[in-house]
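Have a look at final_1.txt; it's compact mmCIF, C-alpha atoms:
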```txt
# COMPACT_ATOMS: atom_id res chain seq x y z
CA MET F 20 62.40 -9.49 -102.99
CA ILE F 21 65.78 -7.91 -102.28
CA LEU F 22 65.41 -4.48 -100.79
CA SER F 23 68.85 -3.70 -99.57
CA LYS F 24 70.67 -0.98 -101.36
CA PRO F 25 74.31 -1.82 -100.79
CA ARG F 26 75.85 1.61 -100.92
CA SER F 27 79.39 0.40 -100.61
CA VAL F 28 79.71 -2.89 -102.41
CA GLY F 29 82.88 -4.78 -101.67
CA VAL F 30 83.70 -2.83 -98.54
CA VAL F 31 83.71 -4.87 -95.36
CA HIS F 32 81.07 -3.57 -92.97
CA ASN F 33 81.95 -3.24 -89.35
CA CYS F 34 78.60 -1.87 -88.35
CA PRO F 35 75.98 -4.36 -87.20
CA MET F 36 73.47 -5.41 -89.77
CA LEU F 37 70.17 -7.22 -89.82
CA GLU F 38 69.76 -9.73 -92.55
CA ALA F 39 66.79 -11.91 -93.38
CA SER F 40 67.09 -14.61 -95.98
CA ASN F 41 64.38 -16.62 -97.64
CA LEU F 42 61.82 -16.25 -94.86
CA GLU F 43 58.57 -18.12 -94.98
CA CYS F 44 55.65 -17.54 -92.67
CA VAL F 45 52.90 -20.12 -92.29
CA ARG F 46 49.71 -19.41 -90.38
CA GLY F 47 47.53 -22.45 -90.01
CA GLU F 48 47.74 -24.09 -93.43
CA LYS F 49 48.19 -20.89 -95.37
CA SER F 50 51.55 -19.54 -96.36
CA LEU F 51 51.47 -15.77 -95.82
CA PHE F 52 54.75 -15.04 -97.52
CA ARG F 53 57.73 -17.00 -98.71
CA GLY F 54 61.16 -16.32 -100.13
CA LEU F 55 61.38 -12.98 -98.34
CA SER F 56 64.91 -11.59 -98.09
CA PHE F 57 66.23 -8.20 -97.13
CA ARG F 58 69.16 -6.51 -95.52
CA LEU F 59 69.09 -3.57 -93.20
CA GLU F 60 72.17 -1.49 -92.48
CA ALA F 61 72.99 1.14 -89.91
CA GLY F 62 70.93 4.28 -90.42
CA ALA F 63 68.33 2.55 -92.57
CA CYS F 64 64.64 2.12 -92.03
CA LEU F 65 62.32 -0.53 -93.40
CA MET F 66 58.63 0.22 -93.77
CA VAL F 67 56.62 -2.98 -93.96
CA GLN F 68 53.30 -2.50 -95.73
CA GLY F 69 50.42 -4.71 -96.60
CA ALA F 70 46.75 -5.39 -96.01
CA ASN F 71 45.35 -6.69 -92.75
CA GLY F 72 46.40 -10.28 -92.28
CA SER F 73 49.24 -10.13 -94.77
CA GLY F 74 51.76 -11.13 -92.13
CA LYS F 75 53.24 -7.79 -91.03
CA THR F 76 53.05 -8.52 -87.34
CA SER F 77 54.21 -12.10 -87.91
CA LEU F 78 57.26 -10.80 -89.75
CA LEU F 79 58.06 -8.34 -86.98
CA ARG F 80 57.69 -11.03 -84.32
CA MET F 81 60.05 -13.22 -86.33
CA LEU F 82 62.60 -10.42 -86.47
CA CYS F 83 62.43 -10.23 -82.68
CA GLY F 84 62.81 -13.97 -82.26
CA LEU F 85 59.36 -14.30 -80.66
CA ALA F 86 58.20 -16.52 -83.51
CA GLN F 87 60.18 -18.92 -85.65
CA PRO F 88 60.02 -18.70 -89.44
CA ALA F 89 58.80 -21.86 -91.15
CA GLN F 90 61.83 -21.52 -93.34
CA GLY F 91 64.79 -19.22 -93.71
CA GLU F 92 67.00 -17.47 -91.24
CA ILE F 93 67.50 -14.08 -89.61
CA ARG F 94 71.02 -12.98 -88.89
CA TRP F 95 72.43 -10.12 -86.88
CA ASP F 96 76.03 -9.31 -87.73
CA GLY F 97 76.20 -12.58 -89.63
CA GLU F 98 75.15 -14.70 -86.65
CA PRO F 99 71.72 -16.36 -86.46
CA ILE F 100 69.63 -14.52 -83.86
CA ARG F 101 68.62 -17.83 -82.25
CA LYS F 102 72.24 -18.40 -81.34
CA LEU F 103 72.84 -14.86 -80.10
CA ALA F 104 69.82 -14.96 -77.76
CA GLU F 105 70.35 -12.36 -74.97
CA GLU F 106 73.15 -10.67 -76.87
CA TYR F 107 70.74 -9.88 -79.71
CA ARG F 108 67.92 -8.92 -77.35
CA GLY F 109 70.28 -6.36 -75.83
CA GLU F 110 70.34 -4.60 -79.23
CA LEU F 111 66.63 -4.84 -79.83
CA LEU F 112 63.59 -2.83 -78.84
CA TYR F 113 60.18 -4.17 -79.77
CA CYS F 114 57.00 -2.18 -79.40
CA GLY F 115 53.99 -4.31 -80.21
CA HIS F 116 50.23 -3.82 -80.31
CA ALA F 117 50.04 -4.35 -76.57
CA GLY F 118 51.90 -1.53 -74.92
CA ALA F 119 52.97 -3.38 -71.77
CA VAL F 120 51.55 -0.49 -69.72
CA LYS F 121 50.18 -1.49 -66.32
CA ASP F 122 46.87 0.12 -65.34
CA ASP F 123 47.68 0.19 -61.65
CA LEU F 124 51.07 1.87 -62.00
CA THR F 125 51.67 5.54 -62.67
CA ALA F 126 53.15 6.72 -65.96
CA LEU F 127 56.48 7.30 -64.23
CA GLU F 128 56.50 3.87 -62.56
CA ASN F 129 55.58 2.24 -65.86
CA ALA F 130 58.46 3.97 -67.65
CA ARG F 131 61.04 3.16 -65.00
CA ILE F 132 59.95 -0.43 -64.39
CA SER F 133 59.83 -1.37 -68.06
CA ALA F 134 63.33 0.03 -68.52
CA THR F 135 64.62 -1.99 -65.56
CA LEU F 136 62.93 -5.17 -66.79
CA ALA F 137 64.56 -4.63 -70.18
CA GLY F 138 67.91 -4.59 -68.41
CA ALA F 139 68.56 -0.84 -68.69
CA PRO F 140 67.57 0.84 -65.41
CA VAL F 141 67.12 4.63 -65.52
CA ASP F 142 66.88 7.19 -62.74
CA GLU F 143 63.75 9.17 -62.01
CA ALA F 144 64.98 12.38 -63.63
CA ALA F 145 65.67 10.63 -66.95
CA ALA F 146 62.25 8.98 -66.89
CA ARG F 147 60.50 12.29 -66.13
CA GLN F 148 62.46 13.96 -68.92
CA ALA F 149 61.40 11.26 -71.41
CA LEU F 150 57.75 11.55 -70.38
CA ARG F 151 57.89 15.33 -70.79
CA GLN F 152 59.47 14.97 -74.20
CA LEU F 153 56.50 12.85 -75.29
CA GLY F 154 54.04 15.43 -74.03
CA LEU F 155 53.04 13.83 -70.74
CA LYS F 156 54.06 16.74 -68.54
CA GLY F 157 51.83 16.86 -65.49
CA ARG F 158 50.62 13.31 -66.09
CA GLU F 159 53.71 11.56 -64.72
CA ASP F 160 52.15 10.59 -61.42
CA LEU F 161 48.71 9.58 -62.66
CA PRO F 162 47.85 5.90 -62.78
CA ALA F 163 47.81 4.66 -66.37
CA ARG F 164 44.19 3.60 -65.80
CA VAL F 165 43.00 7.19 -66.08
CA LEU F 166 45.08 8.04 -69.16
CA SER F 167 43.55 8.10 -72.63
CA ALA F 168 44.53 5.52 -75.28
CA GLY F 169 46.88 8.00 -76.93
CA GLN F 170 48.51 8.92 -73.66
CA ARG F 171 49.01 5.26 -72.79
CA ARG F 172 50.64 4.77 -76.18
CA ARG F 173 52.96 7.66 -75.39
CA VAL F 174 53.89 6.03 -72.08
CA ALA F 175 54.72 2.85 -73.99
CA LEU F 176 56.84 4.83 -76.46
CA THR F 177 59.00 6.37 -73.71
CA ARG F 178 60.97 3.15 -73.97
CA LEU F 179 62.35 4.43 -77.28
CA LEU F 180 63.98 7.28 -75.40
CA LEU F 181 65.05 5.38 -72.30
CA GLU F 182 66.51 2.15 -73.66
CA LYS F 183 69.56 2.59 -75.80
CA ARG F 184 68.98 -0.05 -78.44
CA ARG F 185 70.26 -0.19 -81.96
CA LEU F 186 67.38 -1.95 -83.68
CA TRP F 187 63.83 -0.73 -83.21
CA VAL F 188 60.96 -2.96 -84.28
CA LEU F 189 57.75 -0.96 -84.06
CA ASP F 190 54.38 -2.47 -84.85
CA GLU F 191 51.84 0.26 -85.66
CA PRO F 192 53.49 2.86 -83.40
CA LEU F 193 51.06 5.57 -84.54
CA THR F 194 47.91 3.90 -83.26
CA ALA F 195 45.84 6.38 -81.23
CA LEU F 196 48.47 9.15 -81.48
CA ASP F 197 47.45 12.71 -82.36
CA LYS F 198 49.22 14.86 -84.97
CA ALA F 199 51.61 16.48 -82.51
CA ALA F 200 52.63 13.10 -81.08
CA VAL F 201 53.15 11.70 -84.60
CA ALA F 202 55.49 14.60 -85.35
CA THR F 203 57.39 14.04 -82.10
CA LEU F 204 57.68 10.33 -82.81
CA CYS F 205 58.97 10.99 -86.34
CA GLY F 206 61.60 13.27 -84.84
CA VAL F 207 62.63 10.57 -82.38
CA ILE F 208 62.89 7.94 -85.14
CA ASP F 209 64.83 10.32 -87.40
CA ALA F 210 67.29 11.09 -84.60
CA HIS F 211 67.70 7.36 -83.97
CA LEU F 212 68.41 6.69 -87.66
CA ALA F 213 70.78 9.65 -87.90
CA ALA F 214 72.73 8.25 -84.96
CA GLY F 215 73.26 5.00 -86.88
CA GLY F 216 70.27 3.11 -85.54
CA MET F 217 67.97 0.86 -87.51
CA ALA F 218 64.21 0.62 -87.55
CA VAL F 219 61.64 -1.78 -88.93
CA LEU F 220 58.10 -0.54 -88.71
CA THR F 221 54.58 -1.01 -89.90
CA SER F 222 52.01 1.70 -90.22
CA HIS F 223 48.73 2.23 -92.00
CA GLN F 224 49.15 5.98 -91.65
CA ASP F 225 51.75 8.12 -93.33
CA LEU F 226 54.90 8.45 -91.34
CA PRO F 227 56.58 11.65 -92.54
CA LEU F 228 60.18 10.67 -91.87
CA ALA F 229 62.98 12.99 -92.91
CA ALA F 230 65.43 10.10 -93.17
CA THR F 231 66.60 9.24 -96.68
CA HIS F 232 67.32 5.55 -96.29
CA VAL F 233 63.75 4.36 -96.06
CA ALA F 234 63.01 1.16 -97.93
CA GLN F 235 59.51 -0.11 -98.55
CA LEU F 236 58.53 -3.74 -98.26
CA ARG F 237 55.12 -4.81 -99.51
CA LEU F 238 53.63 -8.06 -98.30
CA ASP F 239 50.86 -9.30 -100.57
CA MET Q 20 75.23 -8.34 -68.56
CA GLY Q 21 76.88 -8.14 -65.14
CA GLU Q 22 75.79 -9.92 -62.01
CA THR Q 23 74.64 -6.70 -60.35
CA SER Q 24 72.19 -5.84 -63.11
CA LEU Q 25 70.77 -9.39 -62.95
CA PHE Q 26 70.09 -8.91 -59.26
CA ALA Q 27 68.72 -5.43 -59.94
CA ALA Q 28 66.28 -6.92 -62.46
CA LEU Q 29 65.34 -9.74 -60.06
CA GLY Q 30 64.67 -7.21 -57.31
CA ALA Q 31 62.73 -4.99 -59.70
CA VAL Q 32 60.37 -7.82 -60.70
CA ILE Q 33 59.71 -8.72 -57.09
CA ARG Q 34 59.12 -5.08 -56.11
CA ARG Q 35 56.88 -4.54 -59.12
CA ASP Q 36 54.69 -7.56 -58.36
CA LEU Q 37 54.43 -6.59 -54.69
CA LEU Q 38 53.54 -3.03 -55.69
CA LEU Q 39 50.86 -4.27 -58.10
CA ALA Q 40 49.48 -6.52 -55.37
CA MET Q 41 49.35 -3.57 -52.96
CA ARG Q 42 47.41 -1.55 -55.55
CA ARG Q 43 44.99 -4.44 -55.99
CA LYS Q 44 44.72 -5.99 -52.56
CA SER Q 45 41.58 -8.02 -53.23
CA ASP Q 46 43.48 -10.65 -55.23
CA VAL Q 47 45.79 -11.49 -52.35
CA LEU Q 48 43.12 -11.25 -49.68
CA THR Q 49 40.79 -13.64 -51.55
CA THR Q 50 43.42 -16.36 -51.36
CA LEU Q 51 44.00 -15.81 -47.64
CA PHE Q 52 40.31 -15.72 -46.75
CA PHE Q 53 39.74 -18.86 -48.78
CA PHE Q 54 42.43 -20.57 -46.70
CA ILE Q 55 40.97 -19.33 -43.42
CA ILE Q 56 37.42 -20.30 -44.28
CA VAL Q 57 38.19 -23.76 -45.66
CA VAL Q 58 40.30 -24.63 -42.61
CA SER Q 59 37.68 -23.27 -40.19
CA LEU Q 60 34.85 -25.27 -41.78
CA PHE Q 61 36.28 -28.58 -40.55
CA PRO Q 62 36.12 -27.97 -36.77
CA LEU Q 63 32.65 -26.51 -37.28
CA GLY Q 64 31.51 -29.52 -39.24
CA ILE Q 65 33.09 -32.21 -37.12
CA GLY Q 66 32.37 -30.77 -33.68
CA PRO Q 67 34.57 -30.55 -30.60
CA GLU Q 68 36.16 -34.00 -30.71
CA MET Q 69 39.70 -33.09 -29.77
CA ALA Q 70 41.38 -36.38 -30.62
CA MET Q 71 39.78 -36.49 -34.06
CA LEU Q 72 40.59 -32.84 -34.78
CA ARG Q 73 44.23 -33.28 -33.76
CA GLN Q 74 44.47 -36.26 -36.09
CA ILE Q 75 43.07 -34.54 -39.17
CA ALA Q 76 44.70 -31.14 -38.54
CA PRO Q 77 47.93 -31.61 -40.57
CA GLY Q 78 46.07 -32.97 -43.59
CA VAL Q 79 43.36 -30.32 -43.53
CA LEU Q 80 45.78 -27.43 -43.17
CA TRP Q 81 48.02 -28.71 -45.92
CA VAL Q 82 45.21 -29.51 -48.36
CA ALA Q 83 43.74 -26.05 -47.76
CA ALA Q 84 47.16 -24.52 -48.42
CA LEU Q 85 47.42 -26.43 -51.71
CA LEU Q 86 43.99 -25.29 -52.84
CA ALA Q 87 44.62 -21.68 -51.83
CA THR Q 88 47.86 -21.69 -53.80
CA MET Q 89 46.00 -23.12 -56.80
CA LEU Q 90 43.54 -20.23 -56.66
CA SER Q 91 46.28 -17.66 -57.15
CA LEU Q 92 48.14 -19.52 -59.92
CA ASN Q 93 45.99 -18.30 -62.81
CA ARG Q 94 46.97 -14.74 -62.13
CA LEU Q 95 50.67 -15.48 -62.09
CA PHE Q 96 51.26 -14.79 -65.78
CA ALA Q 97 47.80 -13.98 -67.17
CA ALA Q 98 47.85 -10.20 -66.63
CA ASP Q 99 51.40 -9.83 -67.95
CA HIS Q 100 50.46 -11.94 -70.96
CA ALA Q 101 47.38 -9.85 -71.71
CA ASP Q 102 49.06 -6.43 -71.60
CA GLY Q 103 52.21 -7.43 -73.46
CA THR Q 104 54.59 -7.24 -70.50
CA LEU Q 105 55.42 -10.92 -70.87
CA GLU Q 106 56.56 -10.34 -74.46
CA GLN Q 107 58.81 -7.56 -73.25
CA MET Q 108 60.21 -9.83 -70.56
CA ALA Q 109 60.93 -12.50 -73.16
CA LEU Q 110 62.78 -9.88 -75.24
CA SER Q 111 64.71 -8.42 -72.34
CA ALA Q 112 68.48 -8.42 -72.23
CA VAL Q 113 67.99 -10.03 -68.81
CA PRO Q 114 67.54 -13.81 -69.17
CA LEU Q 115 63.85 -14.73 -68.90
CA GLY Q 116 64.71 -17.31 -66.24
CA VAL Q 117 65.81 -14.52 -63.88
CA LEU Q 118 62.58 -12.57 -64.37
CA VAL Q 119 60.50 -15.72 -63.95
CA THR Q 120 62.34 -16.51 -60.71
CA GLY Q 121 61.48 -13.02 -59.50
CA LYS Q 122 57.82 -13.56 -60.31
CA VAL Q 123 57.79 -16.90 -58.48
CA ILE Q 124 59.45 -15.36 -55.41
CA ALA Q 125 56.85 -12.56 -55.43
CA HIS Q 126 54.07 -15.15 -55.77
CA TRP Q 127 55.42 -16.99 -52.73
CA LEU Q 128 55.71 -13.78 -50.71
CA LEU Q 129 52.07 -13.04 -51.51
CA SER Q 130 50.60 -16.51 -51.07
CA GLY Q 131 52.90 -19.06 -49.40
CA LEU Q 132 54.40 -16.83 -46.73
CA PRO Q 133 51.09 -15.40 -45.43
CA LEU Q 134 49.63 -18.92 -45.40
CA ALA Q 135 52.54 -20.19 -43.32
CA LEU Q 136 52.20 -17.29 -40.89
CA LEU Q 137 48.42 -17.74 -40.55
CA ALA Q 138 48.58 -21.51 -40.13
CA PRO Q 139 49.52 -21.60 -36.39
CA VAL Q 140 46.56 -19.38 -35.52
CA LEU Q 141 44.22 -21.66 -37.44
CA GLY Q 142 45.95 -24.71 -35.97
CA LEU Q 143 44.72 -23.66 -32.53
CA GLN Q 144 41.19 -24.57 -33.64
CA PHE Q 145 42.42 -28.15 -33.98
CA ASP Q 146 43.97 -28.25 -30.50
CA LEU Q 147 47.51 -28.68 -31.83
CA ALA Q 148 50.32 -28.39 -29.26
CA THR Q 149 52.82 -25.53 -29.52
CA GLY Q 150 55.59 -27.83 -30.72
CA SER Q 151 53.45 -29.22 -33.52
CA LEU Q 152 52.39 -25.72 -34.54
CA GLY Q 153 56.08 -24.87 -34.90
CA VAL Q 154 56.65 -27.90 -37.11
CA LEU Q 155 53.58 -26.95 -39.15
CA VAL Q 156 54.98 -23.47 -39.80
CA VAL Q 157 58.41 -24.82 -40.73
CA SER Q 158 56.91 -27.46 -43.05
CA LEU Q 159 54.81 -24.78 -44.76
CA LEU Q 160 57.77 -22.43 -45.04
CA ILE Q 161 59.77 -25.13 -46.84
CA GLY Q 162 56.84 -26.61 -48.74
CA THR Q 163 54.98 -23.59 -50.09
CA PRO Q 164 57.91 -22.35 -52.25
CA VAL Q 165 57.79 -25.76 -53.96
CA LEU Q 166 54.08 -25.18 -54.62
CA SER Q 167 54.84 -21.80 -56.21
CA LEU Q 168 57.69 -23.21 -58.31
CA ILE Q 169 55.70 -26.18 -59.63
CA GLY Q 170 52.58 -24.06 -60.00
CA ALA Q 171 54.46 -21.60 -62.20
CA VAL Q 172 55.23 -24.40 -64.67
CA GLY Q 173 51.54 -25.30 -64.80
CA ALA Q 174 50.47 -21.67 -65.15
CA ALA Q 175 52.93 -21.17 -68.01
CA LEU Q 176 51.79 -24.33 -69.80
CA THR Q 177 48.12 -23.34 -69.65
CA LEU Q 178 48.72 -19.69 -70.56
CA GLY Q 179 46.19 -18.47 -73.08
CA VAL Q 180 44.31 -21.78 -73.07
CA ARG Q 181 40.55 -21.53 -72.68
CA GLY Q 182 39.44 -22.99 -69.36
CA GLY Q 183 43.02 -22.78 -68.18
CA GLY Q 184 41.88 -22.48 -64.55
CA VAL Q 185 40.57 -26.03 -64.34
CA LEU Q 186 43.33 -27.37 -66.51
CA VAL Q 187 46.04 -25.96 -64.30
CA SER Q 188 44.50 -27.79 -61.30
CA LEU Q 189 44.46 -31.08 -63.15
CA LEU Q 190 48.02 -30.53 -64.25
CA VAL Q 191 49.53 -29.31 -61.03
CA LEU Q 192 47.64 -31.03 -58.18
CA PRO Q 193 49.10 -34.50 -58.90
CA LEU Q 194 52.57 -32.95 -58.79
CA TYR Q 195 51.76 -31.47 -55.39
CA VAL Q 196 51.11 -34.92 -53.89
CA PRO Q 197 54.68 -35.57 -52.64
CA VAL Q 198 54.78 -32.15 -50.99
CA LEU Q 199 51.44 -32.85 -49.34
CA ILE Q 200 52.54 -36.26 -48.07
CA PHE Q 201 55.77 -35.07 -46.54
CA GLY Q 202 54.43 -31.71 -45.37
CA ALA Q 203 51.45 -33.16 -43.54
CA GLY Q 204 53.61 -36.16 -42.61
CA ALA Q 205 56.07 -33.92 -40.79
CA VAL Q 206 53.35 -32.59 -38.46
CA GLU Q 207 51.90 -36.07 -37.96
CA ALA Q 208 55.33 -37.48 -37.15
CA ASP Q 209 55.79 -34.76 -34.56
CA LEU Q 210 52.35 -35.50 -33.06
CA THR Q 211 53.20 -39.19 -32.70
CA GLY Q 212 56.58 -38.39 -31.21
CA LEU Q 213 58.67 -39.72 -34.09
CA GLY Q 214 60.33 -36.38 -34.83
CA ALA Q 215 59.85 -34.41 -38.01
CA THR Q 216 63.46 -34.05 -39.15
CA ALA Q 217 63.35 -36.77 -41.82
CA HIS Q 218 60.18 -35.36 -43.40
CA LEU Q 219 61.47 -31.81 -43.33
CA SER Q 220 64.77 -32.87 -44.91
CA LEU Q 221 62.90 -34.55 -47.74
CA LEU Q 222 60.76 -31.44 -48.22
CA ALA Q 223 63.93 -29.36 -48.40
CA ALA Q 224 65.26 -31.78 -51.01
CA PHE Q 225 62.09 -31.23 -53.07
CA LEU Q 226 62.62 -27.50 -52.74
CA ALA Q 227 66.19 -27.77 -54.01
CA LEU Q 228 65.04 -29.86 -56.96
CA ALA Q 229 62.11 -27.55 -57.79
CA ALA Q 230 64.26 -24.43 -57.45
CA PHE Q 231 66.69 -25.88 -59.97
CA PHE Q 232 64.27 -27.18 -62.60
CA GLY Q 233 61.15 -25.05 -61.99
CA PRO Q 234 62.25 -21.71 -63.47
CA TRP Q 235 63.90 -23.44 -66.40
CA ALA Q 236 60.77 -25.44 -67.26
CA THR Q 237 58.60 -22.34 -66.79
CA THR Q 238 60.81 -20.36 -69.15
CA VAL Q 239 60.57 -23.00 -71.86
CA ALA Q 240 56.78 -23.20 -71.45
CA LEU Q 241 56.42 -19.40 -71.62
CA ARG Q 242 58.44 -19.17 -74.82
CA ILE Q 243 56.16 -21.76 -76.38
CA ALA Q 244 53.06 -19.92 -75.16
CA LEU Q 245 54.29 -16.66 -76.68
CA GLU Q 246 54.95 -18.07 -80.13
```

Representation of the structure as structure tokens:
Amino acid sequence: MILSKPRSVGVVHNCPMLEASNLECVRGEKSLFRGLSFRLEAGACLMVQGANGSGKTSLLRMLCGLAQPAQGEIRWDGEPIRKLAEEYRGELLYCGHAGAVKDDLTALENARISATLAGAPVDEAAARQALRQLGLKGREDLPARVLSAGQRRRVALTRLLLEKRRLWVLDEPLTALDKAAVATLCGVIDAHLAAGGMAVLTSHQDLPLAATHVAQLRLD
Amino acid sequence: MGETSLFAALGAVIRRDLLLAMRRKSDVLTTLFFFIIVVSLFPLGIGPEMAMLRQIAPGVLWVAALLATMLSLNRLFAADHADGTLEQMALSAVPLGVLVTGKVIAHWLLSGLPLALLAPVLGLQFDLATGSLGVLVVSLLIGTPVLSLIGAVGAALTLGVRGGGVLVSLLVLPLYVPVLIFGAGAVEADLTGLGATAHLSLLAAFLALAAFFGPWATTVALRIALE
């Protein structure tokens, strides 16, 4: 399953690139997928699709280095991500099912603390600006406990705006979001791709991206 | 990643954990009240036999400190694991070892330090002399960080395991034995007039060893737990 569309064959790429070769994922005794290869270049987006339990989240966790593939290798800029360790993590932003939002902290505290823990501290003004951009104006100083599921998801997604990372790995980013928030998020992802970023994402809903370099990957 | 941002991240973890503890005070207070009550039960049960109380005081205070620390271990990583923060920490550009060290320091500030500061007050119930109370505090100040460091390894190993609470006790309590022996031994040595320096030096050596290997072992265990 080769999904890359090498637009400039033979030209040496200087831009960073994510490359997966011959990946196999085993859960228990069952092999979810095998022989999976793809290449993702700057400005490209990969939509991973498949039924529940087809290994979408497992694939995304592998791409982050949280899980090890049973076989195959993932390379960033030609280097295995295992070897790059922190260097690779500095390029990566992962947004999983769990939003890493603390109930007892306010939206603002959540945004600032998660940025600092990721190694990219931001000042209060930047964090407030990001929260406003995601439609949380007036909710900045409320504890996350009292926010709705969609609002908590928005707090989690402020990381996209605050951490300057080249590769975004988003697992079901649209969960619990309303139409307006979906549109905002699409805009954010499009801007990221236009600026030469990369994204790998899963979604059961339609994600109306304007970007042209969107590849589909079906896991069956 | 420069040195300053590593320290910034370390400070941020400590501040965050202290802030979370302030927002949810009951967790910290449970540990402290457990310590106070367990220690106070002994003089009540044994009666006012001063010589006997003085003799058992170091052991009782230290065992109670171990058990109180155990109580708080489950919470060390569980909440961060459940809400996905631990995953984010593992994917941070900051080495996980630095963040884990911050969490262990915060755990000590919230459990070990208050225990050490409360101990002399509780020691009065056992008719300990002022000098011995001082040694007790110093031994706890050196010993309780070791408890947090070793406990973190146990908490990381049992993360996500059903019945992890009991398991972590079985795993960690045997490792606490040397700390108990030399911690309580320091106070006993002072009571018998031998001087506590040797015991305290050995405790400090344990601390150095645990500070070196503890965060590393915890990091490895957490990465396994997350997979």

Selection near stretch 220-226 of chain Q, 12 Å with only C-alpha atoms, sequence-local residues under 2 positions removed, as a PDB file with C-alpha atoms, keeping the file's coordinate frame:
```pdb
ATOM      1  CA  VAL Q 157      58.410 -24.820 -40.730  1.00  0.00           C
ATOM      2  CA  SER Q 158      56.910 -27.460 -43.050  1.00  0.00           C
ATOM      3  CA  LEU Q 159      54.810 -24.780 -44.760  1.00  0.00           C
ATOM      4  CA  LEU Q 160      57.770 -22.430 -45.040  1.00  0.00           C
ATOM      5  CA  ILE Q 161      59.770 -25.130 -46.840  1.00  0.00           C
ATOM      6  CA  GLY Q 162      56.840 -26.610 -48.740  1.00  0.00           C
ATOM      7  CA  THR Q 163      54.980 -23.590 -50.090  1.00  0.00           C
ATOM      8  CA  PRO Q 164      57.910 -22.350 -52.250  1.00  0.00           C
ATOM      9  CA  VAL Q 165      57.790 -25.760 -53.960  1.00  0.00           C
ATOM     10  CA  LEU Q 166      54.080 -25.180 -54.620  1.00  0.00           C
ATOM     11  CA  SER Q 167      54.840 -21.800 -56.210  1.00  0.00           C
ATOM     12  CA  LEU Q 168      57.690 -23.210 -58.310  1.00  0.00           C
ATOM     13  CA  ILE Q 169      55.700 -26.180 -59.630  1.00  0.00           C
ATOM     14  CA  LEU Q 194      52.570 -32.950 -58.790  1.00  0.00           C
ATOM     15  CA  TYR Q 195      51.760 -31.470 -55.390  1.00  0.00           C
ATOM     16  CA  VAL Q 196      51.110 -34.920 -53.890  1.00  0.00           C
ATOM     17  CA  PRO Q 197      54.680 -35.570 -52.640  1.00  0.00           C
ATOM     18  CA  VAL Q 198      54.780 -32.150 -50.990  1.00  0.00           C
ATOM     19  CA  LEU Q 199      51.440 -32.850 -49.340  1.00  0.00           C
ATOM     20  CA  ILE Q 200      52.540 -36.260 -48.070  1.00  0.00           C
ATOM     21  CA  PHE Q 201      55.770 -35.070 -46.540  1.00  0.00           C
ATOM     22  CA  GLY Q 202      54.430 -31.710 -45.370  1.00  0.00           C
ATOM     23  CA  ALA Q 203      51.450 -33.160 -43.540  1.00  0.00           C
ATOM     24  CA  GLY Q 204      53.610 -36.160 -42.610  1.00  0.00           C
ATOM     25  CA  ALA Q 205      56.070 -33.920 -40.790  1.00  0.00           C
ATOM     26  CA  GLY Q 214      60.330 -36.380 -34.830  1.00  0.00           C
ATOM     27  CA  ALA Q 215      59.850 -34.410 -38.010  1.00  0.00           C
ATOM     28  CA  THR Q 216      63.460 -34.050 -39.150  1.00  0.00           C
ATOM     29  CA  ALA Q 217      63.350 -36.770 -41.820  1.00  0.00           C
ATOM     30  CA  HIS Q 218      60.180 -35.360 -43.400  1.00  0.00           C
ATOM     31  CA  LEU Q 228      65.040 -29.860 -56.960  1.00  0.00           C
ATOM     32  CA  ALA Q 229      62.110 -27.550 -57.790  1.00  0.00           C
ATOM     33  CA  ALA Q 230      64.260 -24.430 -57.450  1.00  0.00           C
ATOM     34  CA  PHE Q 231      66.690 -25.880 -59.970  1.00  0.00           C
ATOM     35  CA  PHE Q 232      64.270 -27.180 -62.600  1.00  0.00           C
ATOM     36  CA  GLY Q 233      61.150 -25.050 -61.990  1.00  0.00           C
TER      37      GLY Q 233
END
```

- Which chain F residues are at most 10 Å from chain Q (counting all atoms listed in the file), as a ChimeraX atom specification? /F:77,80-81,83-87,104-124,128-129,131-140

- Message: My list of candidates is Q:Met89, Q:Arg73, Q:Ala236, Q:Gly184. Which is closest to Q:Phe54 when distances are computed with all atoms listed in the file?
- Response: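 Answer, going by the shortest atom-to-atom distance: Q:Met89.
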
- Coordinates-based distance that separates atom CA of F:Arg173 from atom CA of Q:Leu37 (Å, one decimal): 25.2 Å

- Item | Neighbour list for Q:Ala125 as a PyMOL selection string, cut-off 7 Å, all atoms listed in the file, skip fewer than 4 positions in-chain | chain Q and resi 33+36-37+121+129

For C-alpha atoms, I'd like the residues from the last selection saved as a PDB file, in the coordinates of the input.
```
ATOM      1  CA  ILE Q  33      59.710  -8.720 -57.090  1.00  0.00           C
ATOM      2  CA  ASP Q  36      54.690  -7.560 -58.360  1.00  0.00           C
ATOM      3  CA  LEU Q  37      54.430  -6.590 -54.690  1.00  0.00           C
ATOM      4  CA  GLY Q 121      61.480 -13.020 -59.500  1.00  0.00           C
ATOM      5  CA  LEU Q 129      52.070 -13.040 -51.510  1.00  0.00           C
TER       6      LEU Q 129
END
```

- Message: I'd like the neighbourhood of stretch 207-219 of chain F as a ChimeraX atom specification, where a residue qualifies if any of its atoms comes within 7 Å (using only C-alpha atoms), though same-chain residues fewer than 2 positions away should be ignored.
- Response: /F:60-66,185-189,203-205,228-230

- Query: So which residues touch Q:Ala83 within 8 Å, counting all atoms listed in the file, skipping near sequence neighbours fewer than 3 positions away, as a ChimeraX atom specification?
  - Reply: /Q:54,57-58,79-80,86-87

- Message: Using all atoms listed in the file, which protein or nucleic acid residues come within 10 Å of Q:Val206? Drop anything in the same chain fewer than 4 positions from it, and give the result as a ChimeraX atom specification.
- Response: /Q:74,76-78,81,147,150-158,201-202,210-215,218-219
